[in-house]
file start.txt (compact mmCIF, C-alpha atoms and all ligand atoms)
# COMPACT_ATOMS: atom_id res chain seq x y z
CA MET A 1 0.00 0.00 0.00
CA GLY A 2 1.40 3.35 -0.97
CA LYS A 3 0.31 6.88 -0.31
CA LEU A 4 -1.23 8.65 -3.26
CA LYS A 5 -0.92 12.37 -3.82
CA ILE A 6 -3.71 13.94 -5.82
CA ILE A 7 -3.21 17.29 -7.52
CA SER A 8 -5.96 19.38 -9.13
CA THR A 9 -5.50 20.74 -12.62
CA GLN A 10 -6.90 23.88 -14.22
CA LEU A 11 -9.60 21.76 -15.89
CA GLN A 12 -12.68 20.67 -14.01
CA ASP A 13 -12.46 17.01 -12.82
CA ALA A 14 -9.07 16.26 -14.39
CA LYS A 15 -6.46 15.20 -11.82
CA ILE A 16 -2.78 14.43 -11.58
CA ILE A 17 -1.97 11.51 -9.30
CA GLU A 18 1.44 10.81 -7.83
CA PRO A 19 1.80 7.30 -6.44
CA GLU A 20 4.34 6.60 -3.72
CA VAL A 21 7.60 5.28 -5.14
CA PHE A 22 9.87 3.08 -3.01
CA GLY A 23 13.44 3.48 -4.25
CA ASP A 24 16.43 1.37 -3.23
CA GLN A 25 19.78 0.26 -4.66
CA ARG A 26 17.99 -1.99 -7.19
CA GLY A 27 15.72 0.67 -8.60
CA PHE A 28 12.18 1.27 -7.39
CA PHE A 29 8.83 -0.31 -6.66
CA THR A 30 5.45 1.37 -7.00
CA GLU A 31 1.85 0.27 -7.07
CA SER A 32 0.87 1.75 -10.40
CA TYR A 33 -2.81 1.17 -9.61
CA SER A 34 -4.81 0.04 -6.61
CA LYS A 35 -8.58 0.22 -6.90
CA ARG A 36 -8.90 0.43 -3.11
CA ASP A 37 -6.52 3.37 -2.69
CA TYR A 38 -7.94 5.29 -5.63
CA GLN A 39 -11.45 4.79 -4.27
CA LYS A 40 -10.39 6.27 -0.93
CA LEU A 41 -9.54 9.47 -2.83
CA GLY A 42 -12.93 9.49 -4.54
CA LEU A 43 -11.50 8.16 -7.80
CA ASN A 44 -14.11 5.51 -8.19
CA PHE A 45 -13.89 4.10 -11.70
CA ASP A 46 -14.47 0.67 -13.13
CA PHE A 47 -11.45 0.28 -15.40
CA ILE A 48 -12.04 -2.59 -17.82
CA GLN A 49 -9.48 -2.16 -20.60
CA ASP A 50 -5.73 -1.52 -20.47
CA ASN A 51 -3.93 -0.11 -23.52
CA GLN A 52 -0.28 0.29 -24.40
CA SER A 53 1.33 2.20 -27.24
CA LEU A 54 4.97 2.41 -28.22
CA SER A 55 6.20 5.52 -29.99
CA GLN A 56 9.65 4.81 -31.33
CA THR A 57 10.96 8.32 -31.73
CA ALA A 58 10.63 11.77 -30.28
CA GLY A 59 8.14 13.90 -32.18
CA VAL A 60 5.36 11.31 -32.48
CA LEU A 61 2.05 13.11 -32.01
CA ARG A 62 -1.17 11.17 -31.30
CA GLY A 63 -4.55 12.84 -30.95
CA LEU A 64 -6.80 14.50 -30.27
CA HIS A 65 -9.05 11.53 -29.53
CA PHE A 66 -12.19 10.66 -27.57
CA GLN A 67 -15.17 8.33 -27.71
CA ARG A 68 -18.58 9.95 -28.07
CA GLY A 69 -21.73 9.71 -25.99
CA GLU A 70 -22.46 6.49 -24.09
CA SER A 71 -19.07 5.10 -25.10
CA ALA A 72 -17.09 7.96 -23.52
CA GLN A 73 -14.06 6.76 -21.58
CA THR A 74 -12.32 7.90 -18.43
CA LYS A 75 -8.60 7.30 -19.04
CA LEU A 76 -5.90 6.91 -16.42
CA ILE A 77 -2.61 7.37 -18.21
CA HIS A 78 1.05 6.99 -17.33
CA VAL A 79 4.39 6.49 -19.04
CA VAL A 80 6.80 3.64 -18.28
CA THR A 81 9.68 4.63 -20.56
CA GLY A 82 10.44 8.09 -21.90
CA VAL A 83 8.77 11.49 -21.66
CA VAL A 84 5.63 12.96 -23.21
CA TRP A 85 3.87 16.27 -23.25
CA ASP A 86 0.27 15.26 -22.73
CA VAL A 87 -2.68 17.48 -23.52
CA ILE A 88 -6.35 17.32 -22.65
CA VAL A 89 -9.29 19.44 -23.80
CA ASP A 90 -12.60 19.68 -21.97
CA LEU A 91 -15.32 19.08 -24.59
CA ARG A 92 -18.22 18.89 -22.13
CA GLN A 93 -20.73 21.58 -23.04
CA GLY A 94 -21.76 23.35 -19.84
CA SER A 95 -18.48 22.70 -18.05
CA PRO A 96 -16.82 25.85 -16.66
CA THR A 97 -13.67 24.78 -18.49
CA TYR A 98 -15.38 23.86 -21.80
CA LYS A 99 -12.94 24.15 -24.75
CA LYS A 100 -9.97 24.88 -22.47
CA TRP A 101 -6.81 22.82 -22.76
CA GLU A 102 -3.95 22.04 -20.42
CA GLY A 103 -0.63 20.31 -21.01
CA PHE A 104 1.47 18.18 -18.63
CA ILE A 105 4.86 16.53 -18.66
CA ILE A 106 4.28 12.87 -17.92
CA SER A 107 7.37 10.71 -17.77
CA ALA A 108 8.77 7.44 -16.53
CA SER A 109 10.84 9.35 -14.00
CA ASN A 110 8.14 11.66 -12.58
CA HIS A 111 5.72 8.69 -12.22
CA ARG A 112 2.82 11.05 -12.70
CA GLN A 113 -0.54 9.74 -13.79
CA LEU A 114 -3.22 11.81 -15.46
CA LEU A 115 -6.90 11.13 -14.96
CA VAL A 116 -8.70 12.18 -18.15
CA PRO A 117 -12.45 12.45 -17.52
CA ARG A 118 -15.16 11.29 -19.92
CA GLY A 119 -15.94 13.96 -22.48
CA PHE A 120 -12.34 15.17 -22.80
CA ALA A 121 -10.21 14.97 -25.93
CA HIS A 122 -6.74 13.59 -25.31
CA GLY A 123 -3.43 13.64 -27.14
CA PHE A 124 0.30 13.68 -26.59
CA VAL A 125 3.62 14.24 -28.25
CA THR A 126 6.74 12.27 -27.39
CA LEU A 127 9.76 14.25 -26.23
CA THR A 128 12.13 11.25 -26.21
CA ASN A 129 12.60 8.06 -28.23
CA ASN A 130 10.98 4.79 -27.14
CA VAL A 131 7.96 6.00 -25.23
CA ASN A 132 5.86 3.23 -23.73
CA PHE A 133 2.54 4.77 -22.86
CA LEU A 134 -0.02 2.88 -20.76
CA TYR A 135 -3.61 3.73 -19.95
CA LYS A 136 -6.63 2.22 -18.33
CA CYS A 137 -10.14 2.87 -19.69
CA ASP A 138 -13.57 2.48 -18.13
CA HIS A 139 -15.34 1.75 -21.42
CA TYR A 140 -14.35 -0.70 -24.14
CA TYR A 141 -13.01 0.48 -27.47
CA ASP A 142 -15.99 1.32 -29.68
CA PRO A 143 -14.91 2.09 -33.26
CA ALA A 144 -18.43 3.37 -34.08
CA ALA A 145 -18.10 6.02 -31.35
CA ASP A 146 -14.48 6.88 -32.12
CA GLY A 147 -14.04 10.64 -32.44
CA GLY A 148 -11.18 12.95 -33.20
CA ILE A 149 -10.43 16.59 -33.82
CA SER A 150 -7.43 18.37 -35.25
CA TYR A 151 -4.40 18.83 -33.00
CA CYS A 152 -3.86 22.22 -34.67
CA ASP A 153 -7.41 23.58 -34.39
CA PRO A 154 -7.03 27.39 -34.25
CA ASP A 155 -10.04 27.68 -31.91
CA LEU A 156 -8.16 25.59 -29.33
CA ASN A 157 -4.73 27.07 -30.12
CA ILE A 158 -2.76 24.36 -28.34
CA ASN A 159 0.81 25.38 -27.73
CA TRP A 160 2.58 22.13 -28.70
CA PRO A 161 6.21 22.21 -27.48
CA ILE A 162 7.63 20.92 -30.79
CA ASP A 163 7.97 21.97 -34.41
CA LEU A 164 4.70 20.64 -35.84
CA GLN A 165 6.19 20.50 -39.36
CA GLN A 166 8.49 17.72 -38.13
CA ALA A 167 5.86 15.77 -36.17
CA ILE A 168 5.16 12.11 -36.98
CA ILE A 169 1.39 11.76 -37.24
CA SER A 170 -0.97 8.99 -38.37
CA GLU A 171 -2.91 9.42 -41.61
CA LYS A 172 -6.11 9.57 -39.53
CA ASP A 173 -4.82 12.35 -37.26
CA ALA A 174 -3.44 14.37 -40.16
CA HIS A 175 -7.01 14.65 -41.49
CA GLN A 176 -9.06 15.18 -38.34
CA VAL A 177 -11.71 17.89 -38.58
CA LEU A 178 -11.92 21.09 -36.56
CA LEU A 179 -13.94 21.02 -33.34
CA ARG A 180 -16.52 23.44 -34.74
CA GLU A 181 -17.12 21.13 -37.75
CA PHE A 182 -17.30 18.08 -35.53
CA GLU A 183 -19.82 19.75 -33.25
CA LYS A 184 -21.97 20.78 -36.24
CA ASP A 185 -22.43 17.09 -37.15
CA ASN A 186 -22.40 15.82 -33.54
CA PRO A 187 -24.05 18.49 -31.38
CA PHE A 188 -23.46 16.47 -28.22
CA ILE A 189 -20.00 14.94 -28.11
CA TYR A 190 -20.59 14.00 -24.53
CA GLY A 191 -23.77 15.76 -23.48
CA LYS A 192 -24.32 18.71 -21.24
CA ILE A 193 -23.09 18.55 -17.65
C1 LIG B 1 -7.68 3.02 -29.25
C2 LIG B 1 -7.77 1.60 -29.81
C3 LIG B 1 -7.32 1.31 -31.07
N1 LIG B 1 -7.41 0.04 -31.57
C4 LIG B 1 -6.88 -0.23 -32.93
C5 LIG B 1 -7.49 0.63 -34.02
C6 LIG B 1 -6.36 0.82 -35.00
O1 LIG B 1 -6.36 -0.21 -35.96
C7 LIG B 1 -5.09 0.70 -34.17
C8 LIG B 1 -4.39 2.02 -33.90
O2 LIG B 1 -5.36 2.94 -33.38
P1 LIG B 1 -5.06 4.49 -33.30
O3 LIG B 1 -4.32 4.91 -34.51
O4 LIG B 1 -6.36 5.17 -33.00
O5 LIG B 1 -4.08 4.56 -32.03
P2 LIG B 1 -3.64 5.87 -31.21
O6 LIG B 1 -3.49 7.00 -32.17
O7 LIG B 1 -2.53 5.53 -30.33
O8 LIG B 1 -4.97 6.13 -30.36
C9 LIG B 1 -4.90 6.50 -29.00
O9 LIG B 1 -4.49 7.86 -28.94
C10 LIG B 1 -4.48 8.44 -27.64
C11 LIG B 1 -4.11 9.90 -27.78
C12 LIG B 1 -5.73 8.20 -26.89
O10 LIG B 1 -6.24 9.04 -26.15
C13 LIG B 1 -6.29 6.82 -26.98
O11 LIG B 1 -7.59 6.74 -26.41
C14 LIG B 1 -6.29 6.31 -28.40
O12 LIG B 1 -7.28 7.02 -29.14
O13 LIG B 1 -5.49 0.08 -32.93
C15 LIG B 1 -7.96 -0.97 -30.82
O14 LIG B 1 -8.04 -2.14 -31.30
N2 LIG B 1 -8.41 -0.71 -29.57
C16 LIG B 1 -8.34 0.54 -29.02
O15 LIG B 1 -8.76 0.75 -27.86
call {"tool": "encode", "arguments": {"input": "start.txt", "output": "structure tokens"}}
result
Amino acid sequence: MGKLKIISTQLQDAKIIEPEVFGDQRGFFTESYSKRDYQKLGLNFDFIQDNQSLSQTAGVLRGLHFQRGESAQTKLIHVVTGVVWDVIVDLRQGSPTYKKWEGFIISASNHRQLLVPRGFAHGFVTLTNNVNFLYKCDHYYDPAADGGISYCDPDLNINWPIDLQQAIISEKDAHQVLLREFEKDNPFIYGKI
């Protein structure tokens, strides 16, 4: 059992969590997730899918992604090798932080976890080679509800800490629509809160 530190962010309901890390001459040990301890902090989620991605080089940009409506996912993310700049955007109409974004350094060495609430878009860019990125989700992958918006949407104006011309981006993410176009076709990405 380790002590968890929970840190608020500028965005409503999004949290940074710092698990206790026990270091010794071999390296370290940490409980990367304990349902019981998270529940004690009011982080009461039923995580049912774990995902891992490897990004082989610095400059890989993934996002911005979310699942719509009933299939929306809470994500609990962390990094086990390397460093990312992670960004979240509150897409919940009615939220006091609707359409605001915030970025965080999440790395293997800072052990930080980011709790991304349902109704948020999520993305990251790798700042080192060989980034192993892990996240838990509380809803299964639902390709029919898969949603994405452009990482360079001028209405969001995300200040990515890299040269975007050099970024390595999937075909899908290179062609994501702007939030305002997405919302025209899908008036309720998540619903009003
Ligand atoms: C997300 C996901 C993808 N896939 C498949 C679909 C596709 O063929 C392949 C690669 O998917 P993508 O290109 O969407 O992978 P990626 O761009 O890494 O997508 C991820 O990006 C980050 C930012 C997130 O927030 C995640 O929720 C997820 O959307 O994996 C699954 O089978 N299950 C899943 O849960």
call {"tool": "closest_residue", "arguments": {"input": "start.txt", "among": "A:Val60, A:Val116, A:Ile162, A:Met1", "to": "Phe45 of chain A", "atoms": "all atoms listed in the file"}}
result
A:Val116
call {"tool": "axis_aligned_box", "arguments": {"input": "start.txt", "around": "ligand LIG 1 (chain B)", "padding_each_side": "8 Å", "output": "lines of an AutoDock Vina configuration file"}}
result
center_x = -5.6
center_y = 3.9
center_z = -31.1
size_x = 22.2
size_y = 28.0
size_z = 25.8
call {"tool": "residues_near_ligand", "arguments": {"input": "start.txt", "ligand": "ligand LIG 1 (chain B)", "cutoff": "8 Å", "atoms": "all atoms listed in the file", "output": "list in words"}}
result
Gln49, Asn51, Ser53, Arg62, Gly63, Leu64, His65, Phe66, Gln67, Lys75, Ala121, His122, Gly123, Phe124, Tyr140, Tyr141, Asp142, Pro143, Asp146, Ser170, Lys172 and Asp173 of chain A
call {"tool": "closest_residue", "arguments": {"input": "start.txt", "among": "A:His111, A:Gly42, A:Ser55, A:Asp90", "to": "Glu20 of chain A", "atoms": "all atoms listed in the file"}}
result
A:His111
call {"tool": "atom_distance", "arguments": {"input": "start.txt", "atom1": "atom CA of Thr126 of chain A", "atom2": "atom CA of Glu102 of chain A"}}
result
16.1 Å
call {"tool": "atom_distance", "arguments": {"input": "start.txt", "atom1": "atom CA of Leu164 of chain A", "atom2": "atom CA of Ala58 of chain A"}}
result
12.0 Å
call {"tool": "atom_distance", "arguments": {"input": "start.txt", "atom1": "atom CA of Leu115 of chain A", "atom2": "atom CA of Trp160 of chain A"}}
result
20.0 Å
call {"tool": "residues_around", "arguments": {"input": "start.txt", "residues": "Glu31 of chain A", "least_positions_apart": "6", "cutoff": "12 Å", "atoms": "all atoms listed in the file", "output": "list of chain:residue names"}}
result
A:Met1, A:Gly2, A:Lys3, A:Leu4, A:Glu18, A:Pro19, A:Glu20, A:Val21, A:Phe22, A:Asp37, A:Tyr38, A:His111, A:Gln113
call {"tool": "residues_around", "arguments": {"input": "start.txt", "residues": "segment 82-89 of chain A", "least_positions_apart": "6", "cutoff": "9 Å", "atoms": "only C-alpha atoms", "output": "PDB file with C-alpha atoms, in the frame of the given file"}}
result
ATOM      1  CA  LEU A  11      -9.600  21.760 -15.890  1.00  0.00           C
ATOM      2  CA  ALA A  14      -9.070  16.260 -14.390  1.00  0.00           C
ATOM      3  CA  ALA A  58      10.630  11.770 -30.280  1.00  0.00           C
ATOM      4  CA  GLY A  63      -4.550  12.840 -30.950  1.00  0.00           C
ATOM      5  CA  LEU A  64      -6.800  14.500 -30.270  1.00  0.00           C
ATOM      6  CA  THR A  97     -13.670  24.780 -18.490  1.00  0.00           C
ATOM      7  CA  TYR A  98     -15.380  23.860 -21.800  1.00  0.00           C
ATOM      8  CA  LYS A  99     -12.940  24.150 -24.750  1.00  0.00           C
ATOM      9  CA  LYS A 100      -9.970  24.880 -22.470  1.00  0.00           C
ATOM     10  CA  TRP A 101      -6.810  22.820 -22.760  1.00  0.00           C
ATOM     11  CA  GLU A 102      -3.950  22.040 -20.420  1.00  0.00           C
ATOM     12  CA  GLY A 103      -0.630  20.310 -21.010  1.00  0.00           C
ATOM     13  CA  PHE A 104       1.470  18.180 -18.630  1.00  0.00           C
ATOM     14  CA  ILE A 105       4.860  16.530 -18.660  1.00  0.00           C
ATOM     15  CA  ILE A 106       4.280  12.870 -17.920  1.00  0.00           C
ATOM     16  CA  SER A 107       7.370  10.710 -17.770  1.00  0.00           C
ATOM     17  CA  ALA A 108       8.770   7.440 -16.530  1.00  0.00           C
ATOM     18  CA  SER A 109      10.840   9.350 -14.000  1.00  0.00           C
ATOM     19  CA  LEU A 114      -3.220  11.810 -15.460  1.00  0.00           C
ATOM     20  CA  VAL A 116      -8.700  12.180 -18.150  1.00  0.00           C
ATOM     21  CA  GLY A 119     -15.940  13.960 -22.480  1.00  0.00           C
ATOM     22  CA  PHE A 120     -12.340  15.170 -22.800  1.00  0.00           C
ATOM     23  CA  ALA A 121     -10.210  14.970 -25.930  1.00  0.00           C
ATOM     24  CA  HIS A 122      -6.740  13.590 -25.310  1.00  0.00           C
ATOM     25  CA  GLY A 123      -3.430  13.640 -27.140  1.00  0.00           C
ATOM     26  CA  PHE A 124       0.300  13.680 -26.590  1.00  0.00           C
ATOM     27  CA  VAL A 125       3.620  14.240 -28.250  1.00  0.00           C
ATOM     28  CA  THR A 126       6.740  12.270 -27.390  1.00  0.00           C
ATOM     29  CA  LEU A 127       9.760  14.250 -26.230  1.00  0.00           C
ATOM     30  CA  THR A 128      12.130  11.250 -26.210  1.00  0.00           C
ATOM     31  CA  ASN A 129      12.600   8.060 -28.230  1.00  0.00           C
ATOM     32  CA  ASN A 130      10.980   4.790 -27.140  1.00  0.00           C
ATOM     33  CA  VAL A 131       7.960   6.000 -25.230  1.00  0.00           C
ATOM     34  CA  ASN A 132       5.860   3.230 -23.730  1.00  0.00           C
ATOM     35  CA  PHE A 133       2.540   4.770 -22.860  1.00  0.00           C
ATOM     36  CA  LEU A 156      -8.160  25.590 -29.330  1.00  0.00           C
ATOM     37  CA  ILE A 158      -2.760  24.360 -28.340  1.00  0.00           C
ATOM     38  CA  TRP A 160       2.580  22.130 -28.700  1.00  0.00           C
ATOM     39  CA  PRO A 161       6.210  22.210 -27.480  1.00  0.00           C
TER      40      PRO A 161
END
call {"tool": "closest_residue", "arguments": {"input": "start.txt", "among": "A:Phe47, A:Ala144, A:Val80, A:Arg118", "to": "Thr30 of chain A", "atoms": "all atoms listed in the file"}}
result
A:Val80
call {"tool": "residues_around", "arguments": {"input": "start.txt", "residues": "His139 of chain A", "least_positions_apart": "2", "cutoff": "7 Å", "atoms": "only C-alpha atoms", "output": "list in words"}}
result
Ile48, Ser71, Ala72, Gln73, Cys137 and Tyr141 of chain A
call {"tool": "closest_residue", "arguments": {"input": "start.txt", "among": "A:Pro96, A:Thr81, A:Asn110, A:Gln56", "to": "Ile17 of chain A", "atoms": "only C-alpha atoms"}}
result
A:Asn110
call {"tool": "closest_residue", "arguments": {"input": "start.txt", "among": "A:Ser32, A:Gln25, A:Ser95, A:Arg68", "to": "Asp13 of chain A", "atoms": "only C-alpha atoms"}}
result
A:Ser95
call {"tool": "closest_residue", "arguments": {"input": "start.txt", "among": "A:Ile16, A:Ile6, A:Ile77, A:Val177", "to": "Lys40 of chain A", "atoms": "only C-alpha atoms"}}
result
A:Ile6
